[in-house]
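Data block for run-v9.cif (mmCIF, C-alpha atoms):
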data_start
loop_
_atom_site.label_atom_id
_atom_site.label_comp_id
_atom_site.auth_asym_id
_atom_site.auth_seq_id
_atom_site.Cartn_x
_atom_site.Cartn_y
_atom_site.Cartn_z
CA MET A 6 -10.69 -161.18 -47.29
CA LYS A 7 -8.89 -160.61 -43.99
CA LYS A 8 -5.75 -162.61 -43.27
CA ARG A 9 -3.69 -162.80 -40.13
CA GLY A 10 0.03 -163.10 -39.67
CA ARG A 11 2.74 -162.80 -37.06
CA GLY A 12 6.15 -161.21 -37.31
CA VAL A 13 9.23 -161.10 -35.10
CA ALA A 14 12.02 -158.54 -34.91
CA TRP A 15 15.13 -158.56 -32.74
CA MET A 16 17.60 -155.80 -32.08
CA PHE A 17 20.61 -154.73 -30.08
CA TYR A 18 21.34 -151.08 -29.45
CA PRO A 19 24.26 -149.16 -27.92
CA ILE A 20 23.98 -146.79 -24.97
CA GLY A 21 25.61 -143.38 -25.43
CA PHE A 22 27.46 -141.62 -28.23
CA THR A 23 29.52 -143.46 -30.83
CA ALA A 24 33.12 -143.30 -29.57
CA TYR A 25 32.96 -139.56 -28.81
CA ALA A 26 33.10 -138.34 -25.22
CA ASN A 27 29.65 -137.91 -23.67
CA PRO A 28 30.17 -137.27 -19.96
CA SER A 29 27.79 -136.34 -17.20
CA ALA A 30 28.54 -134.76 -13.83
CA ALA A 31 26.69 -134.39 -10.54
CA PHE A 32 26.90 -132.62 -7.18
CA VAL A 33 25.32 -133.87 -3.95
CA LYS A 34 24.87 -132.29 -0.54
CA VAL A 35 23.64 -134.13 2.55
CA ASN A 36 21.85 -131.86 4.99
CA GLN A 37 21.86 -131.98 8.77
CA ASP A 38 18.40 -133.55 8.81
CA GLY A 39 19.55 -136.48 6.67
CA SER A 40 17.97 -135.23 3.47
CA ALA A 41 19.99 -134.65 0.30
CA VAL A 42 20.05 -132.33 -2.70
CA VAL A 43 21.37 -133.60 -6.02
CA TRP A 44 22.34 -131.34 -8.93
CA THR A 45 22.48 -132.85 -12.42
CA GLY A 46 22.37 -131.37 -15.89
CA ALA A 47 20.35 -134.35 -17.16
CA THR A 48 17.01 -133.15 -18.50
CA ASP A 49 13.75 -135.02 -18.03
CA VAL A 50 11.78 -134.74 -21.28
CA GLY A 51 8.93 -136.90 -20.08
CA GLN A 52 10.70 -140.23 -19.70
CA GLY A 53 10.83 -140.00 -15.89
CA SER A 54 14.62 -139.73 -15.62
CA THR A 55 14.48 -137.33 -12.68
CA THR A 56 12.56 -139.93 -10.67
CA ALA A 57 14.97 -142.71 -11.64
CA LEU A 58 18.03 -140.57 -10.82
CA ALA A 59 16.52 -139.65 -7.45
CA GLN A 60 16.09 -143.37 -6.72
CA ILE A 61 19.72 -144.00 -7.69
CA ALA A 62 20.88 -141.21 -5.35
CA ALA A 63 18.71 -142.50 -2.51
CA ASP A 64 20.09 -146.03 -2.82
CA ALA A 65 23.66 -144.80 -3.14
CA LEU A 66 23.36 -142.69 0.03
CA GLY A 67 21.16 -145.12 1.94
CA ILE A 68 18.24 -142.76 2.57
CA PRO A 69 14.53 -142.86 1.60
CA VAL A 70 13.86 -141.47 -1.87
CA GLU A 71 11.40 -138.92 -0.49
CA LEU A 72 14.35 -137.20 1.24
CA VAL A 73 16.09 -136.51 -2.10
CA THR A 74 15.56 -133.18 -3.85
CA MET A 75 16.61 -133.01 -7.49
CA VAL A 76 17.88 -129.85 -9.17
CA THR A 77 17.96 -130.41 -12.94
CA SER A 78 18.08 -128.74 -16.33
CA ASP A 79 19.46 -125.39 -15.16
CA THR A 80 22.78 -124.78 -16.87
CA LEU A 81 23.48 -121.87 -14.52
CA GLN A 82 23.19 -124.09 -11.43
CA THR A 83 23.90 -127.66 -12.48
CA PRO A 84 27.08 -129.36 -13.69
CA MET A 85 27.54 -130.41 -17.28
CA ASP A 86 25.56 -133.14 -19.03
CA ILE A 87 25.57 -133.81 -22.78
CA GLY A 88 21.79 -134.20 -22.95
CA SER A 89 18.83 -136.56 -23.06
CA VAL A 90 19.92 -138.30 -26.22
CA ALA A 91 21.36 -141.69 -27.21
CA SER A 92 19.39 -143.47 -24.44
CA ARG A 93 22.20 -142.44 -22.10
CA VAL A 94 20.70 -140.65 -19.09
CA THR A 95 20.10 -143.52 -16.66
CA TYR A 96 23.44 -145.14 -17.44
CA ILE A 97 25.76 -142.14 -17.65
CA ALA A 98 24.10 -139.53 -15.43
CA GLY A 99 23.23 -142.32 -13.00
CA ASN A 100 26.87 -143.33 -12.74
CA ALA A 101 27.90 -139.71 -12.16
CA ILE A 102 25.38 -139.43 -9.32
CA VAL A 103 26.59 -142.67 -7.75
CA ARG A 104 30.16 -141.36 -7.74
CA ALA A 105 29.10 -138.05 -6.17
CA CYS A 106 27.13 -139.90 -3.51
CA GLU A 107 30.05 -142.19 -2.76
CA MET A 108 32.25 -139.16 -2.09
CA ALA A 109 29.68 -137.70 0.28
CA LYS A 110 29.09 -141.05 1.93
CA GLN A 111 32.81 -141.48 2.57
CA ILE A 112 32.71 -138.33 4.75
CA LEU A 113 29.72 -139.73 6.64
CA PHE A 114 31.43 -143.08 7.18
CA GLU A 115 34.66 -141.52 8.39
CA VAL A 116 32.76 -139.52 11.00
CA ALA A 117 30.53 -142.47 11.92
CA SER A 118 33.51 -144.78 12.36
CA GLU A 119 34.39 -142.95 15.57
CA GLU A 120 30.88 -143.55 16.91
CA LEU A 121 30.71 -147.21 15.88
CA GLY A 122 34.27 -148.23 16.62
CA ILE A 123 35.09 -149.66 13.20
CA GLY A 124 36.78 -148.35 10.08
CA PRO A 125 34.75 -146.79 7.26
CA GLU A 126 35.27 -149.87 5.11
CA GLY A 127 33.16 -151.91 7.55
CA LEU A 128 30.11 -149.63 7.39
CA GLU A 129 26.98 -149.53 5.28
CA SER A 130 24.00 -147.20 5.09
CA ARG A 131 20.35 -147.93 4.46
CA ASN A 132 16.96 -146.39 5.28
CA GLY A 133 18.55 -143.40 6.99
CA TRP A 134 20.88 -145.44 9.22
CA ILE A 135 24.62 -146.10 9.17
CA PHE A 136 25.47 -149.50 10.61
CA VAL A 137 28.24 -152.06 10.98
CA ARG A 138 28.02 -154.43 8.04
CA ASP A 139 28.51 -157.61 10.07
CA PHE A 140 26.63 -156.35 13.13
CA PRO A 141 23.66 -154.30 11.85
CA GLU A 142 22.24 -153.87 15.34
CA ARG A 143 25.11 -151.49 16.00
CA ARG A 144 23.97 -148.37 14.18
CA VAL A 145 23.56 -144.61 14.28
CA ARG A 146 21.19 -142.28 12.45
CA LEU A 147 22.62 -140.83 9.28
CA ALA A 148 21.15 -137.42 10.10
CA GLU A 149 23.00 -137.39 13.41
CA ILE A 150 26.29 -138.10 11.64
CA ALA A 151 25.60 -135.48 8.96
CA ARG A 152 25.05 -132.87 11.67
CA LYS A 153 28.17 -133.94 13.57
CA ALA A 154 30.25 -133.86 10.40
CA GLU A 155 29.23 -130.27 9.74
CA VAL A 156 28.93 -128.76 13.21
CA VAL A 157 31.59 -130.68 15.17
CA LYS A 158 34.10 -131.86 12.57
CA GLY A 159 33.76 -128.94 10.17
CA ARG A 160 33.31 -131.29 7.22
CA PRO A 161 30.21 -130.43 5.18
CA VAL A 162 28.89 -133.60 3.59
CA ILE A 163 29.25 -132.85 -0.11
CA GLY A 164 30.35 -134.81 -3.14
CA ALA A 165 31.01 -134.38 -6.81
CA GLY A 166 31.28 -137.02 -9.48
CA SER A 167 31.43 -137.50 -13.22
CA TYR A 168 31.29 -140.38 -15.63
CA ASN A 169 32.29 -140.79 -19.25
CA PRO A 170 31.96 -144.23 -20.85
CA PRO A 171 35.35 -145.65 -21.85
CA THR A 172 35.27 -145.93 -25.64
CA THR A 173 37.60 -145.93 -28.63
CA PHE A 174 37.14 -145.12 -32.30
CA LEU A 175 37.08 -147.95 -34.82
CA ASP A 176 40.32 -148.69 -36.62
CA PRO A 177 39.71 -147.73 -40.28
CA GLU A 178 41.69 -150.73 -41.52
CA THR A 179 40.70 -153.53 -39.18
CA GLY A 180 37.31 -152.26 -37.96
CA HIS A 181 38.34 -153.08 -34.41
CA GLY A 182 37.51 -150.77 -31.54
CA LYS A 183 35.07 -150.05 -28.76
CA PRO A 184 32.60 -147.37 -29.84
CA TYR A 185 30.26 -148.09 -26.92
CA ASN A 186 30.63 -149.42 -23.41
CA THR A 187 27.35 -151.33 -23.18
CA TYR A 188 24.38 -152.48 -25.25
CA VAL A 189 20.74 -153.39 -24.67
CA TYR A 190 18.73 -156.11 -26.40
CA ALA A 191 15.09 -156.64 -27.29
CA ALA A 192 12.62 -158.72 -29.27
CA GLN A 193 9.09 -157.83 -30.31
CA VAL A 194 6.33 -159.92 -31.85
CA ALA A 195 3.43 -158.39 -33.78
CA GLU A 196 0.16 -160.00 -34.79
CA VAL A 197 -1.70 -158.27 -37.61
CA GLU A 198 -4.79 -158.60 -39.72
CA VAL A 199 -4.56 -157.52 -43.36
CA ASP A 200 -7.59 -156.80 -45.53
CA THR A 201 -6.62 -157.98 -49.02
CA GLU A 202 -9.44 -155.94 -50.61
CA THR A 203 -8.49 -152.58 -49.08
CA GLY A 204 -4.86 -153.08 -47.99
CA GLU A 205 -5.74 -151.93 -44.49
CA VAL A 206 -3.61 -153.33 -41.67
CA LYS A 207 -4.90 -153.73 -38.14
CA VAL A 208 -2.35 -154.54 -35.45
CA LEU A 209 -4.05 -156.92 -33.04
CA ARG A 210 -1.35 -157.32 -30.42
CA ILE A 211 2.31 -156.67 -29.77
CA ALA A 212 4.57 -158.47 -27.30
CA ALA A 213 7.72 -156.56 -26.33
CA VAL A 214 10.56 -158.15 -24.36
CA HIS A 215 13.40 -155.78 -23.42
CA ASP A 216 16.68 -156.05 -21.56
CA CYS A 217 17.51 -152.86 -19.65
CA GLY A 218 20.19 -154.19 -17.31
CA ARG A 219 18.23 -153.50 -14.17
CA ALA A 220 14.93 -151.67 -14.00
CA ILE A 221 15.47 -148.84 -11.52
CA ASN A 222 11.76 -148.02 -11.78
CA PRO A 223 9.87 -150.89 -13.46
CA LEU A 224 6.70 -148.84 -13.98
CA LEU A 225 8.64 -146.13 -15.84
CA VAL A 226 10.42 -148.75 -17.93
CA GLU A 227 7.12 -150.35 -18.87
CA GLY A 228 5.69 -146.94 -19.77
CA GLN A 229 8.67 -146.16 -22.00
CA ILE A 230 8.32 -149.48 -23.80
CA GLU A 231 4.61 -148.89 -24.39
CA GLY A 232 5.33 -145.38 -25.65
CA GLY A 233 8.05 -146.64 -27.97
CA VAL A 234 5.73 -149.30 -29.40
CA ALA A 235 3.09 -146.62 -30.04
CA MET A 236 5.68 -144.52 -31.89
CA GLY A 237 6.82 -147.56 -33.86
CA LEU A 238 3.22 -148.23 -34.84
CA GLY A 239 3.00 -144.80 -36.47
CA TYR A 240 6.39 -145.26 -38.13
CA ALA A 241 5.25 -148.60 -39.56
CA LEU A 242 1.78 -147.74 -40.81
CA SER A 243 0.83 -144.07 -41.00
CA GLU A 244 3.47 -141.40 -40.42
CA GLU A 245 4.93 -140.06 -43.66
CA MET A 246 6.48 -136.69 -44.47
CA VAL A 247 5.36 -135.56 -47.92
CA LEU A 248 7.89 -133.31 -49.67
CA GLN A 249 7.67 -131.19 -52.79
CA GLU A 250 10.75 -129.30 -53.94
CA GLY A 251 12.13 -129.41 -50.40
CA ARG A 252 8.91 -128.19 -48.76
CA VAL A 253 6.88 -130.28 -46.32
CA LEU A 254 3.29 -130.41 -47.55
CA ASN A 255 1.60 -132.21 -44.66
CA THR A 256 2.42 -129.87 -41.79
CA LYS A 257 -0.72 -130.54 -39.75
CA LEU A 258 -1.79 -133.54 -37.70
CA ALA A 259 -4.80 -133.86 -39.98
CA ASP A 260 -2.38 -134.89 -42.75
CA TYR A 261 0.53 -136.34 -40.77
CA LEU A 262 -1.18 -139.28 -39.10
CA VAL A 263 0.04 -140.01 -35.58
CA PRO A 264 -1.56 -143.00 -33.82
CA THR A 265 -4.12 -142.14 -31.16
CA SER A 266 -4.93 -144.20 -28.09
CA LEU A 267 -7.65 -145.92 -30.12
CA ASP A 268 -5.07 -147.13 -32.64
CA VAL A 269 -2.67 -148.66 -30.12
CA PRO A 270 -3.22 -152.42 -29.68
CA PRO A 271 -2.81 -154.40 -26.47
CA ILE A 272 0.90 -154.46 -25.57
CA ASP A 273 2.38 -157.27 -23.51
CA VAL A 274 5.57 -156.01 -21.86
CA GLU A 275 8.24 -158.20 -20.33
CA ILE A 276 11.34 -156.72 -18.69
CA VAL A 277 14.49 -158.85 -18.71
CA GLU A 278 16.93 -157.90 -15.97
CA VAL A 279 20.57 -158.88 -16.43
CA PRO A 280 22.46 -156.29 -14.35
CA ASP A 281 25.39 -154.68 -16.11
CA PRO A 282 28.42 -154.40 -13.79
CA THR A 283 29.32 -151.01 -15.32
CA GLY A 284 25.89 -149.45 -14.79
CA PRO A 285 24.42 -147.73 -11.72
CA PHE A 286 23.07 -150.66 -9.70
CA GLY A 287 23.26 -152.65 -12.95
CA ALA A 288 21.04 -150.32 -15.03
CA LYS A 289 21.63 -149.54 -18.71
CA GLY A 290 18.72 -147.82 -20.47
CA ILE A 291 15.44 -148.21 -22.35
CA GLY A 292 14.85 -145.03 -24.42
CA GLU A 293 15.18 -145.49 -28.18
CA PRO A 294 15.36 -149.31 -28.07
CA SER A 295 11.68 -149.44 -27.13
CA LEU A 296 10.81 -148.11 -30.60
CA LEU A 297 13.23 -149.93 -32.86
CA PRO A 298 11.82 -153.48 -33.29
CA THR A 299 8.17 -152.44 -33.74
CA ALA A 300 8.07 -151.49 -37.42
CA PRO A 301 10.10 -154.50 -38.65
CA ALA A 302 7.94 -156.84 -36.55
CA ILE A 303 4.78 -155.38 -38.14
CA VAL A 304 6.22 -155.56 -41.66
CA ASN A 305 7.26 -159.17 -41.08
CA ALA A 306 3.75 -159.92 -39.85
CA ILE A 307 2.28 -158.41 -43.03
CA TYR A 308 4.54 -160.71 -45.06
CA ASP A 309 3.43 -163.67 -42.98
CA ALA A 310 -0.21 -162.76 -43.61
CA VAL A 311 -0.25 -162.05 -47.36
CA GLY A 312 3.17 -162.99 -48.68
CA VAL A 313 4.40 -159.58 -49.84
CA ARG A 314 7.38 -157.59 -48.64
CA ILE A 315 6.84 -153.90 -47.96
CA ARG A 316 10.22 -152.20 -48.32
CA GLU A 317 9.15 -148.59 -47.96
CA LEU A 318 7.53 -147.19 -44.84
CA PRO A 319 4.89 -146.47 -43.87
CA ALA A 320 3.12 -149.62 -45.05
CA THR A 321 0.04 -147.78 -46.27
CA PRO A 322 -2.97 -149.54 -47.77
CA GLU A 323 -1.94 -148.19 -51.18
CA ARG A 324 1.53 -149.74 -50.96
CA ILE A 325 0.15 -153.04 -49.75
CA LEU A 326 -2.41 -153.22 -52.59
CA MET A 327 0.29 -152.35 -55.11
CA ALA A 328 2.49 -155.14 -53.74
CA LEU A 329 -0.40 -157.58 -53.90
CA ARG A 330 -1.06 -156.69 -57.53
CA GLU A 331 2.61 -157.15 -58.38
CA LYS A 332 2.48 -160.53 -56.70
CA GLU A 333 -0.51 -161.52 -58.80
CA LYS A 334 1.29 -160.48 -61.98
CA GLU A 335 4.27 -162.65 -61.08
CA GLN A 336 2.04 -165.67 -60.37
CA PRO A 337 -1.04 -165.46 -62.63
CA GLY A 338 -3.95 -167.46 -61.29
CA ARG A 339 -2.39 -167.68 -57.83
CA SER A 340 -3.80 -164.56 -56.24
CA VAL A 341 -2.47 -163.88 -52.77
CA ARG A 342 -5.95 -162.74 -51.83
CA ASP A 343 -7.34 -166.13 -52.84
CA ARG A 344 -4.96 -168.17 -50.73
CA GLU A 345 -6.50 -169.73 -47.65
CA ASP A 346 -3.50 -169.33 -45.38
CA GLY A 347 -2.20 -166.02 -46.77
CA ARG A 348 1.37 -167.32 -46.72
CA PRO A 349 3.96 -167.01 -49.50
CA GLU A 350 4.52 -169.73 -52.08
CA LYS A 351 7.06 -172.37 -51.18
#

Rewrite the structure from the file as structure tokens, please.
Amino acid sequence: MKKRGRGVAWMFYPIGFTAYANPSAAFVKVNQDGSAVVWTGATDVGQGSTTALAQIAADALGIPVELVTMVTSDTLQTPMDIGSVASRVTYIAGNAIVRACEMAKQILFEVASEELGIGPEGLESRNGWIFVRDFPERRVRLAEIARKAEVVKGRPVIGAGSYNPPTTFLDPETGHGKPYNTYVYAAQVAEVEVDTETGEVKVLRIAAVHDCGRAINPLLVEGQIEGGVAMGLGYALSEEMVLQEGRVLNTKLADYLVPTSLDVPPIDVEIVEVPDPTGPFGAKGIGEPSLLPTAPAIVNAIYDAVGVRIRELPATPERILMALREKEKEQPGRSVRDREDGRPEK
């Protein structure tokens, strides 16, 4: 008999290392044609961080993103970054880039102030123009100012910036402290179908709602959430490292079962944007949090369907059948598989 159930899981997750310093640094150079080059040690490992960081630099400078060239992942050329870990790149490397761009932009504004007849504090830049904040019709091309700064004023438009989240270690006696500077939040709902004869679980649908501060690139955020859910699916149902005397026995994908595209259910993604005042343009992050609620949501859905708790992952058919048999032993004559609603006893 096949029974359906739904499960919910909620989580909060910190951005960055626990209390320890985890800085990032960036350099930026604005060229005479109004384009820019940004150097960052942050490494893109497939999550699209280079694209998001280019967008942050473009917005910070006020130029189109296609005019930004990123130089990344070269420790000989780029400034220091701790690494693509702890869901930290957008938040920490992004803040470093914003600070570098602000330094470069200050040079541009000081030179432009002579052209526009107002102090640098009254200027803004957007879409390749520098203009008076309260009188946007009065403007000058950013490229023109960049060239003047270099050729006439002798002030190359460059900037450097770094960011390290302000944190403290926890007091061993009171437990008080600030190990992280910001957190993200999420909830996921899973709907499953459990075959009580075979123990097989089919995930029918997952809804994932995630707070990321502000989505710098919504399509990339959605892709990361979908990828995290797919990873969580494997963690919940199929991926298991088999050890014998310290040796891994299932070293091939034929034995270590990773979900394929055919195994991934429909995923409904919702992005919640509550900008964080400490993040670059309000952004925080979305890396590891996209994975975390999936397995508990699926396990809760299994419980909702057949009334047994699976406390060891993955929730394989063998473990589910064993739990069902134990349930039957505890309540003779009240087989979980015979229940119409598949829910636990009251």

Q.
Just checking: using all atoms listed in the file, which residue out of A:Thr187, A:Ala300, A:Ile325, A:Leu242 ends up closest to Pro282 of chain A?
A.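 Comparing A:Thr187, A:Ala300, A:Ile325, A:Leu242 against Pro282 of chain A, the winner is A:Thr187.
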
(Q) Can you translate the PyMOL selection byres ((chain A and resi 305-314) around 7) into the concrete residues it hits in this file, as a ChimeraX atom specification? (A) /A:8-13,195-197,199,301-304,315-316,328-329,341,347-349

Q. Using all atoms listed in the file, which of A:Tyr168, A:Phe286, A:Tyr190, A:Phe174 sits nearest Ala24 of chain A?
A.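 Smallest separation from Ala24 of chain A among the options: A:Phe174.
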
Q: Evaluate the PyMOL selection byres ((chain A and resi 83) around 10) and record the selected residues as a count of residues only, following the chain and residue labels used in the document.
A: 18

Q) Skipping near chain neighbours, those fewer than 3 positions away, what residues fall within 12 Å of Leu267 of chain A using only C-alpha atoms, listed as a ChimeraX atom specification? A) /A:207-209,235,263-264,270-271

Q: Pull out every residue that the PyMOL selection byres ((chain A and resi 163) around 12) matches in the shown coordinates and put them as a PyMOL selection string.
A: chain A and resi 31-37+41-44+66+102+104-113+151+154-155+159-162+164-166

Q) Between A:Leu175, A:Val206, A:Ala62, A:Leu254, which has the minimum distance to Glu323 of chain A (counting only C-alpha atoms)? A) A:Val206

Q. What's the 7 Å shell around segment 95-101 of chain A, counting all atoms listed in the file, without same-chain residues fewer than 6 positions away, as a PyMOL selection string?
A. chain A and resi 28-31+47+54+58+61+166-169+284-285+288-290

Q.
Let me make sure I understand: among A:Tyr25, A:Tyr18, A:Tyr240, A:Phe136, which one has the smallest atom-to-atom distance to Glu293 of chain A if we use all atoms listed in the file?
A.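 Using all atoms listed in the file, Glu293 of chain A sits closest to A:Tyr18.
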
Q.
If we count only C-alpha atoms and set the cut-off at 10 Å, which residues sit around Pro223 of chain A, ignoring sequence neighbours fewer than 5 positions away in its own chain? Please answer as a PyMOL selection string.
A. chain A and resi 57+228-229+276

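Using all atoms listed in the file, the smallest distance between any of A:Ala241, A:Leu318, A:Ala65, A:Leu248 and Thr299 of chain A comes from A:Ala241.
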
Q) Hey, can you check how far atom CA of Pro141 of chain A sits from atom CA of Val73 of chain A? A)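 Result for atom CA of Pro141 of chain A versus atom CA of Val73 of chain A: 23.8 Å, one decimal.
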
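Between Arg138 of chain A and the residues A:Leu121, A:Ile291, A:Val214, A:Ala14, the shortest atom-to-atom distance, using all atoms listed in the file, involves A:Leu121.
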
Q.
Quick check, in Å to one decimal: how far apart do atom CA of Pro322 of chain A and atom CA of Met246 of chain A lie?
A.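 Interatomic distance, atom CA of Pro322 of chain A to atom CA of Met246 of chain A: 16.3 Å.
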